[in-house]
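For reference, the structure discussed in these notes is given below.
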Amino acid sequence: MSLISYDSDFMGIISRIADLAWLNILCFIFCIPIVTSGAAVTAKYYTAMKLEKGEAPGVTRAFFHSFKQNFIQDLKITLILVLVYAFFAVDWYLVYKSDSMGYLVIGMLGIFTLMVGMTTFCIFPLIARFEMKTIEAFRNALVFGVAHFPRVLLGVFLAVIPYFIGIWYYKWAWLIWLFIYCMALYYNARFFIKKFDKLEEQAFGPKEEILTPEQKANMEGGYEELKPLRFDKPVEETEETVEETKEEISGEAEEE
């Protein structure tokens, strides 16, 4: 097989890199209006997880599908986070200007800032995968971040470090940013898929049992599988299944 043939492993790698690069560029463009940044990041992770699972019908198509689907909830989350970050920015400014702040106060402020950063890192992939209320999304993101602290901390570090490197190598800042973000998105998508699949099985049971008939039918379209159920309510399908089982048992009893 030729190295540059369409179905070669080398071209597969190049294609994946191009997809991740375009996905990051799309996300960056739609993050420019700050209020749409949450929907853009959610769409980025949704599409990246679909790509990793081999289910995305197209990067741009999947991105805009998720962007539109989650826009309202992501807008609420983004506005809340903007207010929270503004509050912490003022606090750190006061710490910088003041000489009388104790180490305990600075340490506590650092811990709370880190918790907010971890929650921000986890909340949008959670929204991309599960359906949940906004308050539950914040709670679950914080719990998930604490439960996987080292890996989430690495993700937060990779999200921030390109901007600091760009200060010294500003001529190549965009290329450094794109390279690190493509690498981070690839490994983050794999990480979230692995942990979310395990979480799904613990909460709802084996994968094939938790999808509703409508979601199973929609899987061929390449969109619905990543959001199988409401994360906070296991579902209506269970009640329907119980009723169907009762009818089958009564039917068998009548036949006997």
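Chain lettering (A, B, ...) mirrors the order of the structure tokens, residue numbering begins at 1 for each chain separately, and ligand numbering begins at 1 in order of display.
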
I'd like the contact shell of stretch 187-191 of chain A - 7 Å cut-off, only C-alpha atoms, skipping same-chain residues fewer than 3 positions apart - returned as a list in words. Tyr45, Ala48, Met49, Glu52, Met183, Ala184, Lys194 and Lys195 of chain A

Can you list, as number ranges by chain, every protein, DNA or RNA residue that comes within 10 Å of A:Gly117 when you count only C-alpha atoms, leaving out same-chain residues fewer than 5 positions away? A: 81, 85, 111-112, 122, 142, 145, 152-153, 156-157

Which residues, written as a ChimeraX atom specification, have at least one atom at most 12 Å from A:Leu185, with only C-alpha atoms counted and residues fewer than 6 positions away on the same chain left out? /A:16-17,19-24,27,41,44-49,51-52,121,125,155-156,158-159,177-179,191-193

Go ahead and save the residues from that selection, with C-alpha atoms, as a PDB file, in the first residue's frame.
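Wrote it out as part.pdb, contents follow:
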```
ATOM      1  CA  ARG A  16      -7.233  13.301  11.800  1.00  0.00           C
ATOM      2  CA  ILE A  17      -4.756  16.133  12.469  1.00  0.00           C
ATOM      3  CA  ASP A  19      -9.908  17.542  11.469  1.00  0.00           C
ATOM      4  CA  LEU A  20      -8.647  18.455  14.949  1.00  0.00           C
ATOM      5  CA  ALA A  21      -6.973  21.618  13.647  1.00  0.00           C
ATOM      6  CA  TRP A  22     -10.149  22.754  11.874  1.00  0.00           C
ATOM      7  CA  LEU A  23     -12.194  21.890  14.966  1.00  0.00           C
ATOM      8  CA  ASN A  24      -9.965  24.050  17.170  1.00  0.00           C
ATOM      9  CA  CYS A  27     -14.059  26.727  18.320  1.00  0.00           C
ATOM     10  CA  VAL A  41     -16.291  24.359  23.574  1.00  0.00           C
ATOM     11  CA  LYS A  44     -15.691  20.992  20.063  1.00  0.00           C
ATOM     12  CA  TYR A  45     -15.689  18.145  22.571  1.00  0.00           C
ATOM     13  CA  TYR A  46     -18.852  16.629  21.145  1.00  0.00           C
ATOM     14  CA  THR A  47     -17.286  16.481  17.685  1.00  0.00           C
ATOM     15  CA  ALA A  48     -13.892  15.312  18.973  1.00  0.00           C
ATOM     16  CA  MET A  49     -15.500  12.410  20.836  1.00  0.00           C
ATOM     17  CA  LEU A  51     -14.335  11.559  15.662  1.00  0.00           C
ATOM     18  CA  GLU A  52     -12.541   9.323  18.131  1.00  0.00           C
ATOM     19  CA  PHE A 121     -12.563  22.128  32.110  1.00  0.00           C
ATOM     20  CA  PRO A 125     -17.513  17.784  27.888  1.00  0.00           C
ATOM     21  CA  GLY A 155      -5.832  19.254  30.994  1.00  0.00           C
ATOM     22  CA  VAL A 156      -6.133  22.674  32.655  1.00  0.00           C
ATOM     23  CA  LEU A 158      -2.403  22.302  28.606  1.00  0.00           C
ATOM     24  CA  ALA A 159      -5.289  24.711  28.069  1.00  0.00           C
ATOM     25  CA  TRP A 177      -1.317  27.184  20.209  1.00  0.00           C
ATOM     26  CA  LEU A 178      -2.705  25.038  17.387  1.00  0.00           C
ATOM     27  CA  PHE A 179      -0.198  22.212  17.918  1.00  0.00           C
ATOM     28  CA  PHE A 191      -9.869  10.376  28.335  1.00  0.00           C
ATOM     29  CA  PHE A 192     -13.460  11.639  28.513  1.00  0.00           C
ATOM     30  CA  ILE A 193     -14.808   8.789  26.356  1.00  0.00           C
TER      31      ILE A 193
END
```

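Non-sequential neighbours of A:Ser66 (distance at most 10 Å, separation of 3 or more positions within a chain, only C-alpha atoms) are Ala39, Ala40, Val41, Thr42, Ala43, Lys44, Tyr45, Tyr46, Thr47, Arg61, Ala62, Phe63, Gln69, Asn70, Phe71, Ile127, Ala128 and Tyr223 of chain A.
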
Taking only stretch 50-227 of chain A into account, list the residues labelled alpha helix (DSSP H) by DSSP (computed from the backbone), as a ChimeraX atom specification. /A:50-52,59-69,71-97,103-129,134-147,149-168,173-204,207-210,213-218

Rounded to one decimal place, report the atom CA of A:Asp91-atom CA of A:Ile77 distance in Å.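 Spanning atom CA of A:Asp91 to atom CA of A:Ile77 is a straight-line distance of 21.2 Å.
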
Tell me, in Å to one decimal, how far atom CA of A:Ile180 is from atom CA of A:Leu154. 12.4 Å

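Between atom CA of A:His148 and atom CA of A:Thr36 lies a distance of 27.2 Å.
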